[in-house]
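Peer 1: Below is the file coords_3.cif, which contains mmCIF, C-alpha atoms.
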data_my_file
#
loop_
_atom_site.label_atom_id
_atom_site.label_comp_id
_atom_site.auth_asym_id
_atom_site.auth_seq_id
_atom_site.Cartn_x
_atom_site.Cartn_y
_atom_site.Cartn_z
CA MET A 201 -27.06 18.82 -7.24
CA TYR A 202 -26.44 21.41 -9.90
CA VAL A 203 -25.29 20.99 -13.46
CA ARG A 204 -23.09 23.74 -14.88
CA ILE A 205 -24.22 24.89 -18.33
CA GLN A 206 -22.15 26.75 -20.93
CA ARG A 207 -24.07 28.85 -23.45
CA MET A 208 -22.78 28.45 -26.98
CA GLY A 209 -21.05 31.59 -28.20
CA SER A 210 -20.76 32.94 -24.69
CA VAL A 211 -18.08 32.79 -22.06
CA ARG A 212 -20.78 32.95 -19.41
CA SER A 213 -21.92 29.79 -17.70
CA MET A 214 -24.72 29.16 -15.24
CA GLN A 215 -25.91 26.49 -12.88
CA ILE A 216 -29.23 24.70 -13.17
CA ALA A 217 -30.63 22.56 -10.37
CA TRP A 218 -30.58 19.03 -11.78
CA ASP A 219 -33.50 17.92 -9.59
CA ASP A 220 -35.58 20.83 -10.90
CA LEU A 221 -34.87 19.76 -14.49
CA LEU A 222 -35.83 16.17 -13.66
CA ASP A 223 -39.07 17.36 -12.07
CA ALA A 224 -39.86 19.48 -15.11
CA PHE A 225 -39.21 16.68 -17.60
CA SER A 226 -41.23 14.29 -15.43
CA SER A 227 -44.18 16.65 -15.05
CA ASP A 228 -47.71 15.92 -16.11
CA ASP A 229 -50.06 18.26 -17.94
CA GLU A 230 -51.07 20.22 -14.83
CA SER A 231 -48.06 22.55 -14.88
CA ILE A 232 -46.03 24.33 -17.52
CA TYR A 233 -42.30 24.51 -16.78
CA PHE A 234 -39.82 27.05 -18.07
CA LEU A 235 -36.06 27.48 -17.95
CA ASP A 236 -34.73 31.00 -17.63
CA ARG A 237 -31.66 30.96 -19.89
CA GLU A 238 -30.14 33.94 -18.10
CA THR A 239 -30.40 32.78 -14.49
CA GLY A 240 -30.69 29.00 -14.81
CA GLU A 241 -33.89 29.04 -12.76
CA VAL A 242 -36.49 26.38 -13.52
CA PHE A 243 -39.99 27.52 -12.62
CA PHE A 244 -43.56 26.50 -13.34
CA VAL A 245 -47.05 27.91 -13.61
CA PRO A 246 -50.36 26.01 -13.48
CA THR A 247 -51.76 25.07 -16.90
CA GLY A 248 -54.73 27.44 -16.57
CA TYR A 249 -52.67 30.40 -15.37
CA GLU A 250 -54.39 33.53 -16.68
CA ASP A 251 -52.00 36.38 -15.83
CA GLY A 252 -51.83 38.28 -19.13
CA GLU A 253 -48.81 40.29 -18.02
CA PHE A 254 -46.84 37.10 -17.27
CA TRP A 255 -47.70 35.52 -20.63
CA SER A 256 -46.86 38.76 -22.43
CA GLU A 257 -43.43 38.83 -20.73
CA VAL A 258 -42.77 35.19 -21.68
CA GLY A 259 -43.95 35.81 -25.25
CA GLN A 260 -41.74 38.86 -25.70
CA HIS A 261 -38.68 37.04 -24.39
CA ARG A 262 -38.98 33.62 -26.03
CA GLN A 263 -35.20 33.26 -26.27
CA ARG A 264 -34.87 33.80 -22.53
CA TYR A 265 -37.76 31.68 -21.24
CA LEU A 266 -37.65 28.21 -22.73
CA ARG A 267 -40.69 26.02 -22.26
CA ILE A 268 -39.64 22.60 -21.02
CA PRO A 269 -41.46 19.72 -22.72
CA PRO A 270 -43.69 17.62 -20.44
CA PHE A 271 -43.33 13.95 -19.64
CA ASP A 272 -43.36 11.67 -22.69
CA TYR A 273 -45.71 8.72 -21.97
CA GLU A 274 -44.86 6.97 -25.24
CA GLN A 275 -41.17 7.01 -24.35
CA GLU A 276 -41.99 5.63 -20.88
CA ARG A 277 -44.05 2.78 -22.36
CA TYR A 278 -41.27 1.97 -24.82
CA LEU A 279 -38.74 1.95 -21.97
CA MET A 280 -40.93 -0.47 -20.00
CA TYR A 281 -41.34 -2.64 -23.09
CA GLU A 282 -37.56 -2.79 -23.57
CA PHE A 283 -37.00 -3.50 -19.88
CA ILE A 284 -39.46 -6.41 -19.93
CA ARG A 285 -38.10 -7.72 -23.23
CA GLN A 286 -34.56 -7.92 -21.76
CA LEU A 287 -35.55 -9.82 -18.62
CA GLY A 288 -33.98 -13.24 -18.18
CA ASP A 289 -36.37 -14.54 -15.49
CA PRO A 290 -39.33 -16.07 -17.39
CA GLY A 291 -41.62 -15.99 -14.33
CA LEU A 292 -41.05 -12.29 -13.68
CA LYS A 293 -41.25 -11.56 -17.40
CA GLY A 294 -44.66 -13.24 -17.57
CA LEU A 295 -45.98 -11.26 -14.61
CA LEU A 296 -44.76 -7.97 -16.06
CA VAL A 297 -46.10 -8.73 -19.54
CA GLN A 298 -49.54 -9.35 -18.01
CA SER A 299 -49.36 -6.14 -16.00
CA PHE A 300 -48.01 -4.14 -18.96
CA ALA A 301 -50.88 -5.42 -21.11
CA GLY A 302 -53.36 -4.06 -18.57
CA LYS A 303 -54.30 -7.35 -16.99
CA ASN A 304 -53.92 -6.13 -13.43
CA ALA A 305 -54.70 -9.42 -11.71
CA PHE A 306 -51.01 -9.56 -10.77
CA GLY A 307 -50.61 -5.91 -9.70
CA LYS A 308 -48.81 -2.86 -10.98
CA LEU A 309 -45.30 -3.02 -12.42
CA ASP A 310 -43.80 -1.08 -9.50
CA ASP A 311 -45.55 -3.31 -6.96
CA ILE A 312 -44.27 -6.46 -8.66
CA LEU A 313 -40.72 -5.12 -8.94
CA ALA A 314 -40.69 -4.32 -5.22
CA PHE A 315 -40.10 -8.07 -4.73
CA TYR A 316 -37.18 -8.03 -7.20
CA PRO A 317 -34.82 -5.29 -5.92
CA ASP A 318 -32.04 -6.02 -8.43
CA GLU A 319 -34.41 -5.69 -11.37
CA GLN A 320 -36.04 -2.63 -9.81
CA GLU A 321 -32.61 -1.00 -9.54
CA ARG A 322 -31.84 -1.89 -13.16
CA LEU A 323 -35.10 -0.24 -14.26
CA VAL A 324 -34.27 2.91 -12.27
CA ARG A 325 -30.84 3.05 -13.96
CA MET A 326 -32.46 2.65 -17.39
CA LYS A 327 -34.94 5.44 -16.64
CA ASP A 328 -32.14 7.71 -15.40
CA GLU A 329 -30.12 7.11 -18.56
CA VAL A 330 -33.09 7.83 -20.83
CA MET A 331 -34.11 10.96 -18.89
CA SER A 332 -30.52 12.26 -18.77
CA GLY A 333 -30.18 11.75 -22.51
CA ARG A 334 -33.49 13.49 -23.18
CA ILE A 335 -32.52 16.48 -21.02
CA LYS A 336 -29.05 16.73 -22.56
CA HIS A 337 -30.49 16.61 -26.07
CA TRP A 338 -33.07 19.31 -25.22
CA LEU A 339 -30.40 21.55 -23.69
CA GLU A 340 -28.18 21.18 -26.75
CA GLU A 341 -31.13 21.98 -29.06
CA HIS A 342 -31.21 25.34 -27.26
CA ASP A 343 -27.44 25.90 -27.43
CA LEU A 344 -26.89 25.05 -23.78
CA TYR A 345 -24.07 22.61 -23.21
CA PRO A 346 -23.52 20.80 -19.91
CA GLU A 347 -19.96 20.81 -18.67
CA THR A 348 -19.03 17.17 -18.30
CA ALA A 349 -16.81 17.56 -15.23
CA GLY A 350 -19.74 16.68 -12.95
CA GLY A 351 -20.03 13.28 -14.57
CA LEU A 352 -23.77 13.57 -15.29
CA PHE A 353 -23.37 13.26 -19.02
#
Take the structure from the file and write it as structure tokens.
Peer 2:
Amino acid sequence: MYVRIQRMGSVRSMQIAWDDLLDAFSSDDESIYFLDRETGEVFFVPTGYEDGEFWSEVGQHRQRYLRIPPFDYEQERYLMYEFIRQLGDPGLKGLLVQSFAGKNAFGKLDDILAFYPDEQERLVRMKDEVMSGRIKHWLEEHDLYPETAGGLF
């Protein structure tokens, strides 16, 4: 799926692969992701990439190559906290609180939620909403505005 992006002050629009943006915003510290503002391409390089010519090109064209921020662990923990706080099932809530606190006698959050498909689906929806909002905000910070016809935003 692609999201069509309109550049502020420009009649030109481009398409960005939504899955590539999600991957970039979900990435860990092992890769550095960039968005090419001219083509819409999302690409990455390993963290220790030592090609001086590449880094010089990126440095000279900072407006073109936007570095995509990596995964935000604090935001993920806060999301999990909010998810657990809103649960109505006291038994499940207790299990998840124990797991969230690092008392793994009951298993990992994802393993526990595998037995509660409705709650697992609700968590996925919450994560999607947060990630979509984060991506949209980042795009707008860089004067890139998603066209809303696709219904993503």
Peer 1: Report, in Å with one decimal, the straight-line distance from atom CA of A:Asp310 to atom CA of A:Phe283.
Peer 2: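 It comes out at 12.6 Å.
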Peer 1: Figure out the distance between atom CA of A:Arg334 and atom CA of A:Ser213, please, to one decimal in Å.
Peer 2: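 Between atom CA of A:Ser213 and atom CA of A:Arg334 the gap works out to 20.7 Å.
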Peer 1: Could you jot down the atom CA of A:Glu230 to atom CA of A:Ile284 separation for me, Å, one decimal place?
Peer 2: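 Interatomic distance, atom CA of A:Glu230 to atom CA of A:Ile284: 29.5 Å.
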Peer 1: If you count only C-alpha atoms, which residues fall within 10 Å of A:Phe234, apart from same-chain ones fewer than 6 positions away, as a compact mmCIF listing (two decimals) with C-alpha atoms, keeping the file's coordinate frame?
Peer 2:
# COMPACT_ATOMS: atom_id res chain seq x y z
CA LEU A 221 -34.87 19.76 -14.49
CA ALA A 224 -39.86 19.48 -15.11
CA GLY A 240 -30.69 29.00 -14.81
CA GLU A 241 -33.89 29.04 -12.76
CA VAL A 242 -36.49 26.38 -13.52
CA PHE A 243 -39.99 27.52 -12.62
CA PHE A 244 -43.56 26.50 -13.34
CA VAL A 245 -47.05 27.91 -13.61
CA VAL A 258 -42.77 35.19 -21.68
CA ARG A 264 -34.87 33.80 -22.53
CA TYR A 265 -37.76 31.68 -21.24
CA LEU A 266 -37.65 28.21 -22.73
CA ARG A 267 -40.69 26.02 -22.26
CA ILE A 268 -39.64 22.60 -21.02
CA PRO A 269 -41.46 19.72 -22.72
Peer 1: Calculated over only C-alpha atoms, which of the candidates A:Gly288, A:Gly248, A:Pro346, A:Gly333 has the smallest distance to A:Phe225?
Peer 2: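 Result for the nearest residue to A:Phe225: A:Gly333.
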